[in-house]
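What's in my_file04.cif: mmCIF, C-alpha atoms and all ligand atoms
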data_work
loop_
_atom_site.label_atom_id
_atom_site.label_comp_id
_atom_site.auth_asym_id
_atom_site.auth_seq_id
_atom_site.Cartn_x
_atom_site.Cartn_y
_atom_site.Cartn_z
CA MET X 1 -9.94 -28.65 1.79
CA LYS X 2 -11.72 -27.37 -1.28
CA LYS X 3 -9.68 -27.05 -4.48
CA ASN X 4 -11.27 -23.72 -5.39
CA PRO X 5 -12.26 -22.15 -2.08
CA ILE X 6 -14.31 -18.98 -1.80
CA ILE X 7 -12.69 -16.57 0.64
CA ILE X 8 -13.72 -13.15 1.91
CA GLY X 9 -11.03 -10.57 2.72
CA ILE X 10 -11.79 -7.78 5.17
CA GLU X 11 -9.46 -4.78 5.44
CA SER X 12 -9.95 -2.10 8.11
CA SER X 13 -6.44 -1.13 9.20
CA CYS X 14 -6.69 2.58 8.36
CA ASP X 15 -9.28 4.70 6.60
CA GLU X 16 -10.65 2.43 3.87
CA THR X 17 -13.33 -0.10 4.64
CA ALA X 18 -12.54 -2.72 2.02
CA VAL X 19 -14.14 -6.09 1.40
CA SER X 20 -13.51 -8.55 -1.41
CA ILE X 21 -14.63 -12.06 -2.21
CA ILE X 22 -12.36 -14.27 -4.29
CA LYS X 23 -12.75 -17.75 -5.71
CA CYS X 24 -9.31 -19.28 -5.96
CA ASN X 25 -7.31 -16.30 -7.29
CA ASN X 26 -10.21 -14.67 -9.15
CA ILE X 27 -11.86 -11.55 -7.79
CA LEU X 28 -15.64 -11.98 -7.57
CA SER X 29 -16.20 -8.63 -5.88
CA ASN X 30 -14.03 -5.80 -4.61
CA VAL X 31 -15.77 -3.09 -2.58
CA ILE X 32 -13.94 -0.10 -1.11
CA ILE X 33 -15.66 2.57 0.97
CA HIS X 34 -13.43 5.63 1.41
CA GLN X 35 -13.76 7.66 4.58
CA ASN X 36 -13.90 11.22 3.35
CA ILE X 37 -14.52 12.58 6.85
CA HIS X 38 -10.76 12.79 7.55
CA LYS X 39 -10.36 15.52 4.91
CA ASN X 40 -11.69 17.97 7.49
CA TYR X 41 -8.82 17.18 9.86
CA GLY X 42 -5.81 16.94 7.52
CA GLY X 43 -5.13 13.34 8.54
CA VAL X 44 -6.78 10.19 9.83
CA VAL X 45 -8.53 10.62 13.20
CA PRO X 46 -8.33 7.12 14.74
CA GLU X 47 -11.61 7.25 16.71
CA LEU X 48 -13.52 8.51 13.69
CA ALA X 49 -11.93 5.87 11.46
CA ALA X 50 -13.09 3.10 13.81
CA LYS X 51 -16.56 4.59 14.01
CA MET X 52 -16.80 4.76 10.22
CA HIS X 53 -15.64 1.13 9.87
CA GLU X 54 -18.36 0.12 12.32
CA LYS X 55 -20.90 1.95 10.16
CA ASN X 56 -19.60 0.86 6.75
CA LEU X 57 -18.35 -2.68 7.22
CA SER X 58 -21.69 -4.47 7.13
CA ILE X 59 -22.69 -2.37 4.09
CA ALA X 60 -19.45 -3.29 2.28
CA VAL X 61 -19.90 -6.98 3.17
CA GLU X 62 -23.50 -7.10 1.94
CA LYS X 63 -22.50 -5.33 -1.27
CA SER X 64 -19.64 -7.78 -1.77
CA PHE X 65 -21.96 -10.79 -1.58
CA LEU X 66 -24.41 -9.15 -3.95
CA LEU X 67 -21.72 -8.33 -6.53
CA ALA X 68 -20.08 -11.74 -6.21
CA ASN X 69 -23.51 -13.31 -6.59
CA ILE X 70 -22.90 -15.91 -3.90
CA LYS X 71 -24.61 -16.82 -0.65
CA LYS X 72 -22.86 -16.45 2.70
CA THR X 73 -23.10 -20.21 3.20
CA GLN X 74 -20.84 -20.72 0.16
CA LEU X 75 -17.89 -19.07 1.94
CA ASP X 76 -15.02 -21.35 2.98
CA ALA X 77 -13.04 -18.95 5.20
CA VAL X 78 -12.98 -15.41 6.55
CA SER X 79 -9.64 -13.60 6.27
CA PHE X 80 -9.02 -10.18 7.79
CA THR X 81 -6.20 -7.73 8.55
CA ILE X 82 -4.71 -8.36 11.99
CA GLY X 83 -2.08 -5.55 11.81
CA PRO X 84 -0.21 -3.30 11.60
CA GLY X 85 -2.61 -0.37 11.65
CA LEU X 86 -4.88 1.69 13.89
CA ILE X 87 -5.83 -0.55 16.76
CA ALA X 88 -9.45 0.57 17.11
CA SER X 89 -10.01 0.19 13.36
CA LEU X 90 -8.40 -3.25 13.34
CA LEU X 91 -10.59 -4.31 16.27
CA VAL X 92 -13.73 -3.49 14.29
CA GLY X 93 -12.64 -5.71 11.38
CA CYS X 94 -11.40 -8.41 13.74
CA SER X 95 -14.63 -8.64 15.77
CA PHE X 96 -16.80 -8.52 12.66
CA SER X 97 -14.77 -11.27 10.99
CA LYS X 98 -14.89 -13.50 14.05
CA SER X 99 -18.67 -13.15 14.27
CA LEU X 100 -19.08 -13.91 10.56
CA ALA X 101 -16.86 -17.00 10.78
CA LEU X 102 -18.51 -18.23 13.98
CA GLY X 103 -21.97 -17.78 12.48
CA LEU X 104 -21.00 -19.76 9.39
CA ASN X 105 -18.83 -22.27 11.27
CA ILE X 106 -15.83 -21.67 8.99
CA PRO X 107 -12.17 -20.89 9.82
CA ILE X 108 -10.74 -17.44 10.45
CA ILE X 109 -7.44 -16.47 8.87
CA THR X 110 -5.41 -13.46 10.01
CA VAL X 111 -3.38 -11.50 7.47
CA ASP X 112 -0.51 -9.06 7.89
CA HIS X 113 -1.22 -5.85 5.98
CA ILE X 114 2.29 -5.48 4.53
CA LYS X 115 2.48 -9.07 3.30
CA ALA X 116 -0.97 -8.55 1.81
CA HIS X 117 0.22 -5.59 -0.29
CA ILE X 118 3.02 -7.77 -1.68
CA LEU X 119 1.03 -10.92 -2.41
CA VAL X 120 -1.75 -8.99 -4.18
CA HIS X 121 0.36 -9.73 -7.28
CA PHE X 122 -0.92 -13.33 -7.14
CA ILE X 123 -4.50 -12.26 -7.80
CA LYS X 124 -5.33 -13.07 -11.41
CA ASN X 125 -4.43 -10.10 -13.64
CA ALA X 126 -3.49 -7.99 -10.59
CA ASN X 127 -0.55 -6.25 -12.21
CA ILE X 128 0.10 -4.45 -15.46
CA ASN X 129 2.07 -7.48 -16.71
CA ASN X 130 -0.96 -9.74 -16.15
CA CYS X 131 1.28 -12.48 -14.77
CA GLU X 132 2.56 -13.59 -11.38
CA PRO X 133 6.15 -12.83 -10.35
CA GLN X 134 8.40 -15.86 -9.84
CA PHE X 135 10.18 -16.30 -6.50
CA PRO X 136 12.49 -14.91 -5.27
CA PHE X 137 11.78 -11.22 -5.84
CA LEU X 138 12.46 -7.87 -4.19
CA ALA X 139 9.32 -6.07 -3.05
CA LEU X 140 9.32 -2.31 -2.55
CA VAL X 141 6.39 -1.56 -0.23
CA ILE X 142 5.53 2.13 -0.36
CA SER X 143 2.39 3.28 1.38
CA GLY X 144 0.99 5.79 3.84
CA GLY X 145 2.24 3.74 6.79
CA HIS X 146 5.18 1.73 5.46
CA THR X 147 8.33 1.95 3.36
CA GLN X 148 10.28 -1.26 3.14
CA ILE X 149 12.43 -3.37 0.85
CA ILE X 150 11.60 -7.03 1.37
CA GLN X 151 13.17 -10.12 -0.12
CA VAL X 152 10.31 -12.50 -0.87
CA ASN X 153 11.43 -16.12 -1.14
CA ASP X 154 7.94 -17.60 -1.14
CA TYR X 155 4.43 -16.86 0.17
CA PHE X 156 5.54 -17.39 3.77
CA ASN X 157 9.25 -16.67 3.69
CA MET X 158 10.01 -12.96 3.56
CA LYS X 159 13.04 -11.08 4.84
CA ILE X 160 13.16 -7.34 5.48
CA LEU X 161 16.26 -5.81 3.90
CA GLY X 162 15.54 -2.17 4.65
CA SER X 163 12.93 0.09 6.25
CA THR X 164 12.23 3.72 6.85
CA LEU X 165 13.84 4.96 10.04
CA ASP X 166 11.09 7.55 10.54
CA ASN X 167 8.15 8.55 8.30
CA ALA X 168 6.71 6.47 5.49
CA VAL X 169 6.95 7.88 1.99
CA GLY X 170 3.16 8.30 1.60
CA GLU X 171 2.92 9.99 4.98
CA VAL X 172 5.46 12.60 3.89
CA LEU X 173 3.73 13.19 0.55
CA ASP X 174 0.44 13.65 2.42
CA LYS X 175 2.03 16.13 4.87
CA ILE X 176 3.63 18.14 2.05
CA ALA X 177 0.28 18.11 0.25
CA ILE X 178 -1.37 19.69 3.31
CA LYS X 179 1.30 22.40 3.28
CA PHE X 180 0.36 23.06 -0.36
CA GLY X 181 -3.31 23.36 0.61
CA PHE X 182 -4.49 20.01 -0.84
CA ASN X 183 -6.99 17.75 0.86
CA TYR X 184 -5.87 14.68 2.80
CA PRO X 185 -4.65 12.26 1.46
CA GLY X 186 -2.81 14.43 -1.04
CA GLY X 187 -0.35 11.95 -2.60
CA SER X 188 -2.52 11.48 -5.67
CA THR X 189 -3.05 15.27 -6.00
CA ILE X 190 0.73 15.81 -6.02
CA ASP X 191 0.83 13.14 -8.74
CA MET X 192 -1.86 14.93 -10.75
CA PHE X 193 -0.21 18.37 -10.46
CA SER X 194 3.21 16.94 -11.35
CA LYS X 195 2.01 16.13 -14.84
CA TYR X 196 2.14 19.85 -15.67
CA GLY X 197 5.40 20.63 -13.85
CA ASN X 198 9.13 20.66 -14.52
CA SER X 199 10.74 18.05 -12.27
CA GLN X 200 14.20 19.67 -12.73
CA LYS X 201 13.12 23.12 -11.52
CA PHE X 202 13.90 22.62 -7.82
CA LYS X 203 16.81 20.41 -6.81
CA PHE X 204 16.33 19.04 -3.31
CA PRO X 205 19.16 17.20 -1.54
CA ILE X 206 18.96 13.40 -1.27
CA PRO X 207 19.38 12.36 2.39
CA SER X 208 22.26 10.00 2.99
CA VAL X 209 20.96 6.97 4.84
CA LYS X 210 22.96 3.82 5.52
CA ASP X 211 22.39 0.47 3.82
CA LEU X 212 18.93 -0.20 2.43
CA ASN X 213 17.13 1.99 4.96
CA PHE X 214 15.24 5.17 4.21
CA SER X 215 14.58 8.44 6.01
CA PHE X 216 11.89 10.84 4.84
CA SER X 217 11.26 13.11 7.82
CA GLY X 218 14.22 15.38 6.88
CA ILE X 219 12.73 15.86 3.42
CA LYS X 220 9.45 16.96 4.95
CA SER X 221 11.21 19.56 7.16
CA TYR X 222 13.49 20.70 4.34
CA ILE X 223 10.61 21.32 1.95
CA ASN X 224 8.57 23.05 4.65
CA LYS X 225 11.47 25.40 5.41
CA PHE X 226 12.25 25.88 1.72
CA VAL X 227 8.73 27.02 0.81
CA ASP X 228 8.42 29.13 3.99
CA CYS X 229 11.69 30.92 3.15
CA ARG X 230 10.73 31.56 -0.46
CA SER X 231 7.25 32.71 0.59
CA ILE X 232 8.62 35.52 2.82
CA ASN X 233 9.48 37.73 -0.16
CA ASN X 234 6.96 36.14 -2.47
CA PRO X 235 3.71 35.21 -0.70
CA LEU X 236 2.44 33.64 -3.93
CA PHE X 237 5.50 31.38 -4.21
CA ILE X 238 3.62 28.09 -3.63
CA LYS X 239 0.72 29.07 -5.87
CA LYS X 240 2.95 30.23 -8.73
CA ASN X 241 5.24 27.21 -8.57
CA ILE X 242 2.84 24.48 -7.50
CA PHE X 243 3.27 22.29 -10.60
CA ASP X 244 7.07 22.48 -10.55
CA LEU X 245 7.18 21.95 -6.77
CA CYS X 246 5.05 18.81 -7.03
CA ALA X 247 7.09 17.43 -9.94
CA SER X 248 10.43 18.19 -8.25
CA ILE X 249 9.37 16.54 -4.99
CA GLN X 250 8.18 13.47 -6.83
CA LYS X 251 11.47 13.35 -8.72
CA LEU X 252 13.39 13.42 -5.44
CA ILE X 253 11.30 10.61 -3.94
CA THR X 254 11.56 8.56 -7.15
CA ASN X 255 15.35 8.95 -7.23
CA ILE X 256 15.66 7.82 -3.61
CA LEU X 257 13.54 4.73 -4.28
CA LEU X 258 15.42 3.89 -7.49
CA ASN X 259 18.82 4.28 -5.77
CA LYS X 260 17.85 1.95 -2.96
CA MET X 261 16.33 -0.67 -5.23
CA ASN X 262 19.46 -0.54 -7.37
CA MET X 263 21.51 -1.20 -4.22
CA ALA X 264 19.16 -4.03 -3.21
CA VAL X 265 19.56 -5.74 -6.60
CA MET X 266 23.35 -5.41 -6.40
CA LYS X 267 23.37 -6.83 -2.89
CA THR X 268 21.09 -9.82 -3.54
CA ASN X 269 21.58 -10.47 -7.25
CA ILE X 270 17.81 -10.72 -7.52
CA CYS X 271 16.78 -8.83 -10.65
CA ARG X 272 13.03 -9.07 -10.17
CA ILE X 273 11.29 -6.06 -8.60
CA VAL X 274 7.73 -5.91 -7.36
CA LEU X 275 6.13 -2.59 -6.40
CA ALA X 276 3.38 -2.58 -3.77
CA GLY X 277 1.33 -0.17 -1.63
CA GLY X 278 -0.64 3.00 -2.29
CA VAL X 279 2.31 5.13 -3.42
CA SER X 280 3.02 2.63 -6.22
CA ALA X 281 -0.02 4.20 -7.93
CA ASN X 282 2.19 7.24 -8.56
CA ASN X 283 2.72 7.84 -12.28
CA MET X 284 6.28 9.17 -12.09
CA ILE X 285 7.40 6.30 -9.86
CA ARG X 286 5.75 3.79 -12.19
CA ASN X 287 7.24 5.31 -15.35
CA GLU X 288 10.74 5.77 -14.00
CA PHE X 289 10.84 2.24 -12.61
CA ILE X 290 9.67 0.94 -15.99
CA SER X 291 12.52 2.80 -17.80
CA PHE X 292 15.13 1.88 -15.21
CA CYS X 293 14.25 -1.81 -15.16
CA LYS X 294 14.06 -1.94 -18.95
CA LYS X 295 17.51 -0.35 -19.21
CA ASN X 296 18.96 -2.87 -16.76
CA LYS X 297 16.96 -5.79 -18.20
CA TRP X 298 15.34 -6.43 -14.80
CA GLU X 299 11.84 -7.80 -14.44
CA LEU X 300 9.31 -5.38 -12.95
CA PHE X 301 5.80 -5.97 -11.64
CA ILE X 302 3.48 -3.04 -10.89
CA PRO X 303 -0.01 -3.54 -9.45
CA LYS X 304 -2.99 -2.13 -11.28
CA LYS X 305 -3.95 1.12 -9.57
CA LYS X 306 -7.05 -0.23 -7.84
CA LEU X 307 -4.92 -2.94 -6.23
CA SER X 308 -2.07 -0.60 -5.24
CA THR X 309 -4.04 1.15 -2.54
CA ASP X 310 -5.77 -0.68 0.33
CA ASN X 311 -8.26 -3.31 -0.80
CA GLY X 312 -9.89 -6.50 0.43
CA ALA X 313 -8.61 -8.69 -2.42
CA MET X 314 -5.04 -8.52 -1.11
CA ILE X 315 -6.29 -9.81 2.24
CA ALA X 316 -8.32 -12.58 0.62
CA ILE X 317 -5.41 -13.86 -1.54
CA ASN X 318 -3.22 -14.11 1.56
CA GLY X 319 -6.13 -15.94 3.15
CA LEU X 320 -6.13 -18.37 0.24
CA PHE X 321 -2.44 -19.24 0.66
CA LYS X 322 -2.92 -19.86 4.38
CA TYR X 323 -6.12 -21.84 3.73
CA ARG X 324 -4.24 -24.18 1.40
CA GLU X 325 -1.70 -24.85 4.17
CA LYS X 326 -4.48 -25.13 6.79
CA ILE X 327 -3.02 -22.20 8.73
CA PHE X 328 -6.07 -21.06 10.68
CA ASP X 329 -6.35 -18.81 13.72
CA SER X 330 -7.99 -19.18 17.09
CA ILE X 331 -11.07 -17.16 17.97
CA ASN X 332 -9.20 -15.27 20.69
CA VAL X 333 -6.55 -13.82 18.38
CA SER X 334 -6.15 -10.05 18.79
CA PRO X 335 -4.79 -7.31 16.49
CA TYR X 336 -1.42 -5.57 16.68
CA SER X 337 -0.88 -1.93 15.80
CA LYS X 338 2.90 -1.87 15.32
CA PHE X 339 4.88 -3.55 12.59
CA ARG X 340 5.81 -7.14 13.52
CA LYS X 341 8.97 -8.86 12.34
CA PHE X 342 8.21 -11.45 9.67
O1 LIG E 401 -1.47 1.42 0.78
P1 LIG E 401 -2.32 2.58 1.14
O2 LIG E 401 -3.67 2.67 0.50
O3 LIG E 401 -2.55 2.65 2.69
C1 LIG E 401 -1.56 2.35 3.62
O4 LIG E 401 -1.31 1.15 3.84
O5 LIG E 401 -0.97 3.33 4.12
O6 LIG E 401 -1.46 3.88 0.80
C2 LIG E 401 -2.00 5.15 0.99
C3 LIG E 401 -0.95 6.17 0.57
C4 LIG E 401 -1.34 7.59 0.93
O7 LIG E 401 -0.21 8.20 1.53
C5 LIG E 401 -1.65 8.22 -0.42
O8 LIG E 401 -1.39 9.60 -0.49
C6 LIG E 401 -0.72 7.46 -1.32
O9 LIG E 401 -0.79 6.13 -0.86
N1 LIG E 401 -1.10 7.52 -2.74
C7 LIG E 401 -0.33 8.11 -3.68
C8 LIG E 401 -1.04 7.99 -4.90
N2 LIG E 401 -2.20 7.31 -4.66
C9 LIG E 401 -2.21 7.04 -3.32
N3 LIG E 401 0.86 8.73 -3.60
C10 LIG E 401 1.38 9.24 -4.73
N4 LIG E 401 0.76 9.16 -5.93
C11 LIG E 401 -0.43 8.55 -6.06
N5 LIG E 401 -1.02 8.46 -7.26
ZN ZN E 402 -1.91 -0.33 2.86
#
Please, can you express the file's structure as structure tokens?
Amino acid sequence: MKKNPIIIGIESSCDETAVSIIKCNNILSNVIIHQNIHKNYGGVVPELAAKMHEKNLSIAVEKSFLLANIKKTQLDAVSFTIGPGLIASLLVGCSFSKSLALGLNIPIITVDHIKAHILVHFIKNANINNCEPQFPFLALVISGGHTQIIQVNDYFNMKILGSTLDNAVGEVLDKIAIKFGFNYPGGSTIDMFSKYGNSQKFKFPIPSVKDLNFSFSGIKSYINKFVDCRSINNPLFIKKNIFDLCASIQKLITNILLNKMNMAVMKTNICRIVLAGGVSANNMIRNEFISFCKKNKWELFIPKKKLSTDNGAMIAINGLFKYREKIFDSINVSPYSKFRKF
């Protein structure tokens, strides 16, 4: 085993084709090709996503080697996302990774997408604190596909404390954004518009969900009905109130997340919170978590924005931890689309 291995991370679980090369925990290159084609459909079209990965993956890989300034023969392992995600998209990354590893006669390492979002914090300078979180910590994974609270005891020992019972938080933001006429994925547009809005203007009810679980589908329906109702007498309702609507929705989501994380800390006595996943790029969520944790004297780790959303570096760092333990996979491993218990 090399002390400072060079590992490539390949991510193709949804609509970003992302490739990164790391040496130990340093990023040498981090290439992300966004698939803008889905904007035309208001959501990710699985067949198109797979087709775009097929087209873009070799380009992203070549670019990664160029930027990292290393030769393919210098690689020590190929890590890639094995699930959860869109099966056809995962298959593209999986087959490509196997071929690359076979051609170079190096091990393949499969990585779970959710664990990858969490362990991205172990990339050098990955978060705004510029330091790694100590174990144990509570991870709040908020993305387009997942919403979970996970107790992380070490790189390989994670326990799910709570999950969404229906939609993921990012999925709901993206659906509401479509209703408001924004392009897919609209989470970041809601974030942008919120800056100019009053988050107290519209008070939406917080759903009551047991334990550390979440439910967001009711919020989606409630807001749809709310704007439809208001638009009957005032067809310009959305347009005239767009900033306040965005800010108020974000406030609701932020409050739900803060409440649940507060409960999780009380339950576990672990006062160290780690945010992960695309929605953790949201400015209100970041700022309110910073204030809340400061007030309670809890430690908080927030990924830099480029490492919040899907990227190859988070796959590669998980690859590194498995490489060090010699946890390699067989060539006939196959992807899974649904969330698997840790
Ligand atoms: O982690 P990610 O890139 O992919 C999944 O694993 O799903 O997360 C994508 C999600 C999308 O729902 C997107 O709208 C949301 O992250 N997102 C944001 C922001 N940036 C990305 N949501 C709110 N505010 C943002 N700034
Ligand atoms: Zn993700």
Around ligand LIG 401 (chain E), which protein and nucleic acid residues have at least one atom no more than 8 Å from it, if we count all atoms listed in the file? List them as a PyMOL selection string.
chain X and resi 13-14+16+113-114+117+142-146+169-174+184-192+276-283+308-311
For each of X:Lys322, X:Lys203, X:Arg230, X:Lys306, take the minimum atom-to-atom distance to ligand ZN 402 (chain E), counting only C-alpha atoms and all ligand atoms, then give the residue where this is smallest.
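Closest to ligand ZN 402 (chain E) of all the choices is X:Lys306.
Distances to Lys225 (chain X) were evaluated for X:Tyr196, X:Phe243, X:Phe96, X:Phe204 using only C-alpha atoms, and the minimum falls at X:Phe204.
Residues within 9 Å of Val120 (chain X), counting only C-alpha atoms and excluding same-chain residues fewer than 5 positions away, are Lys115, Ala126, Asn127, Ala276, Pro303, Leu307, Ser308, Ala313, Met314, Ile315, Ala316, Ile317 and Asn318 of chain X.
Of the residues listed (X:Cys94, X:Ile256, X:Ala116, X:Ile178), X:Ala116 shows the shortest atom-to-atom separation from ligand ZN 402 (chain E); distances use all atoms listed in the file.
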Using all atoms listed in the file for the distances, tell me which of X:Leu161, X:Ile223, X:Leu86, X:Leu91 is nearest to ligand ZN 402 (chain E).
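Closest to ligand ZN 402 (chain E) of all the choices is X:Leu86.
Atom pair CA of Thr110 (chain X) / CA of Ser330 (chain X): separated by 9.5 Å.
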Can you tell me, as JSON, numbers by chain, what residues are no more than 10 Å from Asn40 (chain X) when counting all atoms listed in the file, ignoring any on the same chain fewer than 4 positions away?
{"X": [36, 44, 45, 183, 184]}
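Checking X:Asn287, X:Gln200, X:Asn4, X:Ser221 one by one against Lys175 (chain X), counting all atoms listed in the file, you find the shortest gap at X:Ser221.
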How would you write as a PyMOL selection string the residues that get within 9 Å of (-8.8, -23.6, 3.0) in the file's frame, counting all atoms listed in the file?
chain X and resi 1-7+76-77+107+319-328
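If you measure from each of X:Ser194, X:Ser97, X:Thr147, X:Asn56 to ligand ZN 402 (chain E) using only C-alpha atoms and all ligand atoms, the closest one turns out to be X:Thr147.
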Need to verify the contact set: Tyr222 (chain X), 12 Å, all atoms listed in the file, exclusion of same-chain residues closer than 6 positions in sequence. Can you return it as a list in words?
Val172, Ile176, Lys203, Phe204, Pro205, Ile206, Pro207, Phe216, Asp228, Cys229 and Ile249 of chain X
Write out as a JSON list (two decimals) with C-alpha atoms, in the coordinates of the input the residues lying within 7 Å of Ser64 (chain X), counting all atoms listed in the file and excluding same-chain residues fewer than 4 positions away.
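Generated file (around08.json):
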[["chain", "number", "residue", "atom", "x", "y", "z"],
["X", 19, "VAL", "CA", -14.14, -6.09, 1.40],
["X", 20, "SER", "CA", -13.51, -8.55, -1.41],
["X", 21, "ILE", "CA", -14.63, -12.06, -2.21],
["X", 29, "SER", "CA", -16.20, -8.63, -5.88],
["X", 30, "ASN", "CA", -14.03, -5.80, -4.61],
["X", 31, "VAL", "CA", -15.77, -3.09, -2.58],
["X", 60, "ALA", "CA", -19.45, -3.29, 2.28],
["X", 68, "ALA", "CA", -20.08, -11.74, -6.21]]
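Counting from CA of Ser58 (chain X), the distance to CA of Ile70 (chain X) is 15.9 Å.
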Suppose you want the space between CA of Thr17 (chain X) and CA of Asn167 (chain X); what is it in Å?
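So the two atoms, CA of Thr17 (chain X) and CA of Asn167 (chain X), lie 23.4 Å apart.
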Can you tell me, as a list in words, what residues are no more than 12 Å from Asp211 (chain X) when counting all atoms listed in the file, ignoring any on the same chain fewer than 2 positions away?
Ile149, Leu161, Gly162, Ser163, Thr164, Leu165, Ser208, Val209, Asn213, Phe214, Ser215, Asn259, Lys260, Met261, Asn262, Met263, Ala264, Met266 and Lys267 of chain X
Please check which residues have atoms at most 12 Å from (13.4, 1.8, -14.0) in the file's coordinates, counting only C-alpha atoms, and write them as a PyMOL selection string.
chain X and resi 254-255+257-262+271-275+284-302
Requested file, region 125-143 of chain X restricted to N, CA and C atoms, as a compact mmCIF listing (two decimals), in the first residue's frame:
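Contents of the output file out-v8.txt:
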# COMPACT_ATOMS: atom_id res chain seq x y z
N ASN X 125 -9.01 21.22 3.62
CA ASN X 125 -9.69 22.51 3.46
C ASN X 125 -11.06 22.40 2.78
N ALA X 126 -11.79 21.31 3.06
CA ALA X 126 -13.08 21.10 2.40
C ALA X 126 -14.17 21.98 2.97
N ASN X 127 -14.03 22.34 4.25
CA ASN X 127 -15.13 23.09 4.86
C ASN X 127 -14.69 24.51 5.23
N ILE X 128 -15.67 25.30 5.66
CA ILE X 128 -15.35 26.71 5.92
C ILE X 128 -14.48 26.85 7.17
N ASN X 129 -14.40 25.80 7.99
CA ASN X 129 -13.54 25.83 9.18
C ASN X 129 -12.09 25.49 8.81
N ASN X 130 -11.90 24.91 7.63
CA ASN X 130 -10.59 24.41 7.20
C ASN X 130 -9.98 23.42 8.18
N CYS X 131 -10.84 22.61 8.83
CA CYS X 131 -10.30 21.51 9.64
C CYS X 131 -11.30 20.36 9.66
N GLU X 132 -10.77 19.17 9.93
CA GLU X 132 -11.62 17.97 9.92
C GLU X 132 -12.45 17.90 11.20
N PRO X 133 -13.69 17.40 11.11
CA PRO X 133 -14.45 17.18 12.35
C PRO X 133 -13.89 15.96 13.10
N GLN X 134 -13.93 16.01 14.41
CA GLN X 134 -13.55 14.83 15.22
C GLN X 134 -14.76 13.90 15.29
N PHE X 135 -14.51 12.61 15.47
CA PHE X 135 -15.61 11.65 15.71
C PHE X 135 -15.95 11.66 17.20
N PRO X 136 -17.18 11.37 17.60
CA PRO X 136 -18.34 11.19 16.74
C PRO X 136 -18.95 12.55 16.39
N PHE X 137 -19.73 12.58 15.30
CA PHE X 137 -20.47 13.80 14.98
C PHE X 137 -21.83 13.44 14.39
N LEU X 138 -22.69 14.45 14.33
CA LEU X 138 -24.03 14.25 13.74
C LEU X 138 -24.03 14.90 12.37
N ALA X 139 -24.27 14.09 11.34
CA ALA X 139 -24.30 14.65 9.98
C ALA X 139 -25.74 14.88 9.56
N LEU X 140 -25.99 16.07 9.01
CA LEU X 140 -27.30 16.35 8.41
C LEU X 140 -27.09 16.35 6.90
N VAL X 141 -27.59 15.29 6.26
CA VAL X 141 -27.42 15.18 4.79
C VAL X 141 -28.67 15.71 4.13
N ILE X 142 -28.51 16.81 3.40
CA ILE X 142 -29.67 17.44 2.75
C ILE X 142 -29.33 17.64 1.28
N SER X 143 -30.03 16.87 0.43
CA SER X 143 -29.70 16.97 -1.00
C SER X 143 -30.98 16.82 -1.81
